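**Student:** Pasting a structure here, questions to come.
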Amino acid sequence: MRKMKTTESALLRELETGRLYLDGAMGSLMQSRAEEAGLDGIGTVPEILGITHPELIRGIHRDYVDAGADIVLACTFGANRYKLEGHTPYTQEEIVTAALENVRASGARYAALDIGPIGSLVGELGDVSEDEAYSIFSELAKAGEKAGADLVVIETMTDIAEARIALMAANENTSLPVMVSMTFEENGRTLTGTPPEVCGIILESLGADIVGTNCSTGPVQMLENAKKLIGAVSVPVAVQPNAGLPVLRDGETAYDVDAGTFSDVMKDFAAEGAAILGGCCGSTPEYIRLTREKTGQLPYRSEEAQMVFPGMARSSRPSAAASAYRSVVPGSRILAVGESINPTADKKLKEALRSGDTAYAVQLALMQKAAGADILDINVGVPGIDEAEMMEKTIRAVTAVCDLPLQIDSTDPEVVSRALRIYPGRAILNSVNGDPASLETILPVVAKYGAMVIGLTLDENGIPETADQRIDIARKIIREAGRAGVPETDILIDCLVMTASTSQKAAGETLEAVRRVSEDLGRPTTLGVSNISFGLPQRSLVNRTFLAAAFQNGLDTPIISVLDEEIAGTVAAFRVLNGEDRGCAAYTRSHKDTPAQPAVMAPEGSLDSLAAAVADGLRDETIDITKKLLKTEDPMRLVEAGLMKGLDTVGDQFETGEAFLPNLLFSAEAVQGAFDLIKSEMPSEADTNKGTIMLAAVEGDVHDIGKNILKVIIENYGYEVIDLGKDVPVEAVAQAVVANDIRLLGLSALMTTTVRSMKKTIEAVRAVSPETKIMVGGAVLTEDFAQEIGADYYGKDAKSGVEIARRVFGA
Ligand code: THG
């Protein structure tokens, strides 16, 4: 489907010259007005009210329009198949149609189809597959277009991978403009770890017409995140903060920032260049009215807005590549591209890829990261294998444990297309060249997914000898890319390294071409440096000598063997000479003590290597080491000094922002795998029931690894366990405790946000069963904290859980 151009969308055209206003919170107003109307509440699918009580919904929309909202979101936030199924007698189409009719009836200038998250983590770690998610979003988007929406608003997204899928679904199945709005935690990242500027890069390049941030925090806490988002994109940015943070007032949830304060802070967003202003949870028409009143006359999208990346123009999308966790800007500083995931000269990798095994590639990824790589080149081309399939598998395996941006090394359009579609970041594609056959097949794929791309200065006649001819091809690639919809700023140029042993003059031509691409074309340059030394002894010496010369001519992103310490040393040293390494800090540090060792380099088969494998989230590795260690180690020690230690490490990294939710989940999966193995080896005293213990991961917490481990261990010590599962509602725990006459309850919470519901659960249990002892555990808890929230015991690990059980039951 062809997408509506800016000139065809009145809304996008308006945004070129002036600010627009969105509405504010819907749910809380629906709740209060439903109560006023004598209804019982708004139910689990509040979207149904649009059909059963259209006047109620229209009334709220109308109040927002009267307050100055230009764009009103239809009540379709949760109207996806996953959430509707089995909960409503109405079809999705009926709900969406009614919702958009209600917006129209309110007189809103623009009606938006609202798409919220599916409601379960998407992908291999969640309950909904990526294909299913795509289909769920597609059918909702299609229904919205059919019902006459002017815009699709994908909002409150906490996972960039899910946001990408929703964006592709909306772009590929409708011709409507699409806005994607992300939710950031107070730590400045989404729930799954993506910072604002990285979200901006990924979403704009994938074709979002508007990006934004909404929910989670009040306006003050949102300001920094919004600034980073605004400074990283060229498209308009929407901001919709909550009315502060939720507080309890007279037993009801209220928000702590009033309309006056809210609208004052909204002036700052306007000054920073936000193009669309609105509100989220807790805001009311009054918030929007004051916001419009105070910002309506302020200059629009001021040019002074600070760009996140130095030297980047506001008018073009960022020249940045990104993983889901971090971004890099080719040309802004030297970026070392690790070449090692390439089977050409690596027999072991060739065999691993042939047998469909990704563990070795993952090991190479982690080793290269530890050795200082900034980007990883991924090449899995082995004759006779399904390269597309293997590329996808390798990307998934590597991104699961390594946060470096990837460079997809393949010239097969099918491989490239699949890789770019599933990569949850913004990749660099390696490569297109001047041959029409390459330009015609590769550029459309690059344009579709918005990747950065390397242009190789060769064509259908091969590699030209002179620098002049290579510059001509570079110009041609840039021109053709522009025609295909790939802006010049997304292109890197490779002037091609020939083997010095066969042509010594060639090195000079390559260096000259690098200098001219850099100076005359202003494009970042890359080179496969190791090519220079094929067939020569002491390759490393030739490589690093050439590398130093190439740097001097303007080489930006060398593709090198970072595992070669001397090559890595040349990079580090040149960064000093280049003035990039401020105060020579990195260089000095790298020569002070031994560099950080990746997990896979700890002594093989040791408890440390087990802990490291867990910390890195390597499931197969963890199971393998566990299998070996079980022959010699006490299982309990293996659990504590291996598995738990690894979980602690990644838990600490999570707290300091070095690791993210997916890392925790992968580590947890690794431990779970090992645990299934260990179970059979544990000392079993399970003949008599010493007592019954109830376990639950508290409401809001979907992470139950700690609880599951505790369960296995205490069962092995002869206690019976009633496992309530994860995300267990406060009242459900209290009821179950009473129904089963429980003496010891164990609660787990993994995240700071769920500690709050742990406190509530404790209060609820105390109210109905004061005799029950409560132990708590989880990554973010401490002894002090446990006391503060009223627990009887703090279990720092599974073993202490057993000790607590002994104390409570006296056995
Ligand atoms: N330009 C671009 N991409 C490229 C190349 C290029 N990709 C592939 C290649 N050339 C760059 N990558 C490699 C990868 C491995 C080797 C050389 C180039 C190689 N490795 C040796 C080995 O494994 O035995 C030596 C490694 C070492 O020194 O430790 O030869 O030109 N855009």
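Each chain of the structure tokens is named A, B, ... in the order shown, its residues numbered from 1; ligands are numbered from 1 in display order.
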For chain A versus ligand 1, which residues have an atom no more than 8 Å away, and what is each residue's nearest atom pair and distance in Å rounded to one decimal, using only C-alpha atoms and all ligand atoms, chain-then-number order, as a Markdown table?
**Tutor:**
| residue | atom | partner | partner_atom_place_in_ligand_line | distance |
| --- | --- | --- | --- | --- |
| A:Glu339 | CA | ligand 1 | 14 (C) | 4.7 |
| A:Ser340 | CA | ligand 1 | 14 (C) | 5.6 |
| A:Ile341 | CA | ligand 1 | 14 (C) | 7.4 |
| A:Asn342 | CA | ligand 1 | 14 (C) | 5.5 |
| A:Pro343 | CA | ligand 1 | 15 (C) | 7.7 |
| A:Thr344 | CA | ligand 1 | 15 (C) | 6.6 |
| A:Ala345 | CA | ligand 1 | 23 (O) | 4.5 |
| A:Asp346 | CA | ligand 1 | 23 (O) | 5.3 |
| A:Asp377 | CA | ligand 1 | 7 (N) | 7.5 |
| A:Asn379 | CA | ligand 1 | 8 (C) | 7.5 |
| A:Asp409 | CA | ligand 1 | 7 (N) | 6.4 |
| A:Asn430 | CA | ligand 1 | 32 (N) | 5.5 |
| A:Ser431 | CA | ligand 1 | 32 (N) | 6.3 |
| A:Ile454 | CA | ligand 1 | 32 (N) | 6.4 |
| A:Gly455 | CA | ligand 1 | 32 (N) | 7.7 |
| A:Leu456 | CA | ligand 1 | 32 (N) | 6.5 |
| A:Asp494 | CA | ligand 1 | 32 (N) | 5.8 |
| A:Leu496 | CA | ligand 1 | 31 (O) | 5.5 |
| A:Val497 | CA | ligand 1 | 31 (O) | 5.8 |
| A:Thr526 | CA | ligand 1 | 32 (N) | 6.6 |
| A:Leu527 | CA | ligand 1 | 1 (N) | 5.2 |
| A:Gly528 | CA | ligand 1 | 31 (O) | 3.3 |
| A:Val529 | CA | ligand 1 | 31 (O) | 6.6 |
| A:Ser530 | CA | ligand 1 | 17 (C) | 4.6 |
| A:Asn531 | CA | ligand 1 | 17 (C) | 5.4 |
| A:Phe534 | CA | ligand 1 | 30 (O) | 6.8 |
| A:Arg539 | CA | ligand 1 | 28 (O) | 6.4 |
| A:Ser540 | CA | ligand 1 | 28 (O) | 5.6 |
| A:Asn543 | CA | ligand 1 | 28 (O) | 7.9 |
| A:Ile559 | CA | ligand 1 | 11 (C) | 6.0 |
| A:Ile560 | CA | ligand 1 | 12 (N) | 6.8 |
| A:Ser561 | CA | ligand 1 | 27 (C) | 5.3 |
| A:Val562 | CA | ligand 1 | 29 (O) | 7.9 |
| A:Leu563 | CA | ligand 1 | 29 (O) | 6.5 |
| A:Asp564 | CA | ligand 1 | 29 (O) | 5.4 |
**Student:** Name all residues at most 8 Å from Thr626 (chain A) (count only C-alpha atoms; drop same-chain ones fewer than 5 positions away) and give them as a PyMOL selection string.
**Tutor:** chain A and resi 610+638+674+677-678
**Student:** Work out how far CA of Gly356 (chain A) is from CA of Ile705 (chain A), in Å to one decimal.
**Tutor:** 28.6 Å
**Student:** Can you pull out the residues contacting region 509-520 of chain A? Cut-off 6 Å, using only C-alpha atoms, and skip same-chain residues under 5 positions away; I want them as an MDAnalysis selection string.
**Tutor:** chainID A and resid 466:467 495 550 553:554
**Student:** Counting only C-alpha atoms, which residues in region 116-170 of chain A sit no more than 7 Å from region 95-104 of chain A? For each one, give the nearest pair of atoms and the distance in Å, sorted by chain then residue number, as a Markdown table.
**Tutor:**
| residue | atom | partner | partner_atom | distance |
| --- | --- | --- | --- | --- |
| A:Ala143 | CA | A:Val96 | CA | 6.6 |
| A:Gly144 | CA | A:Val96 | CA | 6.3 |
| A:Ala147 | CA | A:Thr97 | CA | 5.1 |
| A:Ala149 | CA | A:Leu100 | CA | 6.8 |
**Student:** Going by DSSP on the backbone, which residues of region 458-591 of chain A come out as alpha helix (DSSP H)? List them as a PyMOL selection string.
**Tutor:** chain A and resi 467-484+504-516+539-552+565-577+585-590
**Student:** As a ChimeraX atom specification, please: the residues near Arg314 (chain A) (cut-off 8 Å, only C-alpha atoms, same-chain neighbours under 5 positions excluded).
**Tutor:** /A:231,233-234,303,307
**Student:** Convert the current residue selection to file output with N, CA and C atoms, as a compact mmCIF listing (two decimals), in the first residue's frame.
**Tutor:**
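In the end it all went to result08.txt:
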# COMPACT_ATOMS: atom_id res chain seq x y z
N GLY A 231 16.10 15.89 19.99
CA GLY A 231 17.43 16.17 19.44
C GLY A 231 17.97 15.08 18.54
N VAL A 233 15.94 13.37 16.07
CA VAL A 233 15.11 13.08 14.89
C VAL A 233 14.83 14.33 14.08
N SER A 234 14.37 14.13 12.86
CA SER A 234 13.95 15.29 12.05
C SER A 234 12.43 15.36 11.95
N GLU A 303 14.82 26.44 16.11
CA GLU A 303 16.04 25.87 15.54
C GLU A 303 17.12 25.70 16.60
N MET A 307 20.75 19.40 19.24
CA MET A 307 20.85 18.10 18.62
C MET A 307 21.68 17.19 19.51
**Student:** Need the shell around Leu140 (chain A): protein/DNA/RNA residues with any atom at most 8 Å away, counting only C-alpha atoms. Skip same-chain ones fewer than 4 positions apart. Format as a list in words?
**Tutor:** Ala79, Asn80, Gln92, Ile115, Ile136 and Gly144 of chain A
**Student:** Would you list the contacts of Ala322 (chain A) as a list in words, taking every protein, DNA or RNA residue within 9 Å and counting only C-alpha atoms, but skipping same-chain residues closer than 6 positions in sequence?
**Tutor:**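 Skipping anything fewer than 6 positions along the chain leaves Val198, Ile201, Ile202, Val328, Val329, Leu404, Pro405, Leu406, Pro424, Gly425, Arg426, Ala427 and Ile428 of chain A.
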**Student:** Please save N, CA and C atoms of the selected residues as a PDB file, in the first residue's frame.
**Tutor:**
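Output below, filename again.pdb:
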ATOM      1  N   VAL A 198      17.829   6.593  20.921  1.00  0.00           N
ATOM      2  CA  VAL A 198      17.899   5.363  20.129  1.00  0.00           C
ATOM      3  C   VAL A 198      16.511   5.007  19.581  1.00  0.00           C
ATOM      4  N   ILE A 201      15.983   7.268  16.578  1.00  0.00           N
ATOM      5  CA  ILE A 201      16.733   6.830  15.400  1.00  0.00           C
ATOM      6  C   ILE A 201      16.036   5.648  14.730  1.00  0.00           C
ATOM      7  N   ILE A 202      15.685   4.660  15.541  1.00  0.00           N
ATOM      8  CA  ILE A 202      15.110   3.429  14.993  1.00  0.00           C
ATOM      9  C   ILE A 202      13.750   3.707  14.353  1.00  0.00           C
ATOM     10  N   VAL A 328      25.580   4.617  17.418  1.00  0.00           N
ATOM     11  CA  VAL A 328      26.903   5.080  17.013  1.00  0.00           C
ATOM     12  C   VAL A 328      26.726   5.935  15.762  1.00  0.00           C
ATOM     13  N   VAL A 329      27.567   6.959  15.625  1.00  0.00           N
ATOM     14  CA  VAL A 329      27.477   7.829  14.464  1.00  0.00           C
ATOM     15  C   VAL A 329      28.748   7.689  13.629  1.00  0.00           C
ATOM     16  N   LEU A 404      25.985  -4.387  21.058  1.00  0.00           N
ATOM     17  CA  LEU A 404      26.601  -3.587  19.997  1.00  0.00           C
ATOM     18  C   LEU A 404      25.721  -3.541  18.746  1.00  0.00           C
ATOM     19  N   PRO A 405      25.699  -2.396  18.055  1.00  0.00           N
ATOM     20  CA  PRO A 405      24.993  -2.325  16.769  1.00  0.00           C
ATOM     21  C   PRO A 405      25.615  -3.284  15.751  1.00  0.00           C
ATOM     22  N   LEU A 406      24.795  -3.799  14.857  1.00  0.00           N
ATOM     23  CA  LEU A 406      25.274  -4.792  13.899  1.00  0.00           C
ATOM     24  C   LEU A 406      25.419  -4.228  12.490  1.00  0.00           C
ATOM     25  N   PRO A 424      16.165  -5.616  15.802  1.00  0.00           N
ATOM     26  CA  PRO A 424      15.461  -4.609  16.590  1.00  0.00           C
ATOM     27  C   PRO A 424      16.275  -3.341  16.821  1.00  0.00           C
ATOM     28  N   GLY A 425      17.003  -2.915  15.812  1.00  0.00           N
ATOM     29  CA  GLY A 425      17.782  -1.692  15.936  1.00  0.00           C
ATOM     30  C   GLY A 425      17.829  -1.039  14.570  1.00  0.00           C
ATOM     31  N   ARG A 426      18.892  -0.249  14.321  1.00  0.00           N
ATOM     32  CA  ARG A 426      19.101   0.263  12.975  1.00  0.00           C
ATOM     33  C   ARG A 426      20.470  -0.205  12.520  1.00  0.00           C
ATOM     34  N   ALA A 427      20.477  -1.140  11.567  1.00  0.00           N
ATOM     35  CA  ALA A 427      21.721  -1.773  11.152  1.00  0.00           C
ATOM     36  C   ALA A 427      22.428  -0.947  10.082  1.00  0.00           C
ATOM     37  N   ILE A 428      23.710  -1.289   9.882  1.00  0.00           N
ATOM     38  CA  ILE A 428      24.425  -0.838   8.690  1.00  0.00           C
ATOM     39  C   ILE A 428      24.417  -2.022   7.743  1.00  0.00           C
TER      40      ILE A 428
END
**Student:** Of the candidates A:Cys402, A:Val445, A:Ile48, A:Ala10, which shows the shortest atom-to-atom distance to Asn663 (chain A), using only C-alpha atoms?
**Tutor:**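 Once distances to Asn663 (chain A) are computed over only C-alpha atoms, the minimum belongs to A:Cys402.
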**Student:** Just the residues within 12 Å of Thr88 (chain A), please, counting only C-alpha atoms, with nothing from its chain fewer than 5 positions along; format it as a list in words.
**Tutor:**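 The neighbour list is Gly43, Thr44, Val45, Pro46, Glu47, Ile48, Leu49, Ile51, Thr52, Ala79, Asn80, Arg81, Tyr82, Lys83, Glu94 and Ile95 of chain A.
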**Student:** Write down as a list of chain:residue names the residues of region 82-180 of chain A whose backbone DSSP state falls under strand (DSSP E).
**Tutor:**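 The strand (DSSP E) subset of region 82-180 of chain A is A:Tyr110, A:Ala111, A:Ala112, A:Leu113, A:Asp114, A:Ile115, A:Leu151, A:Val152, A:Val153, A:Ile154, A:Glu155, A:Thr156, A:Met157, A:Val178, A:Met179, A:Val180.
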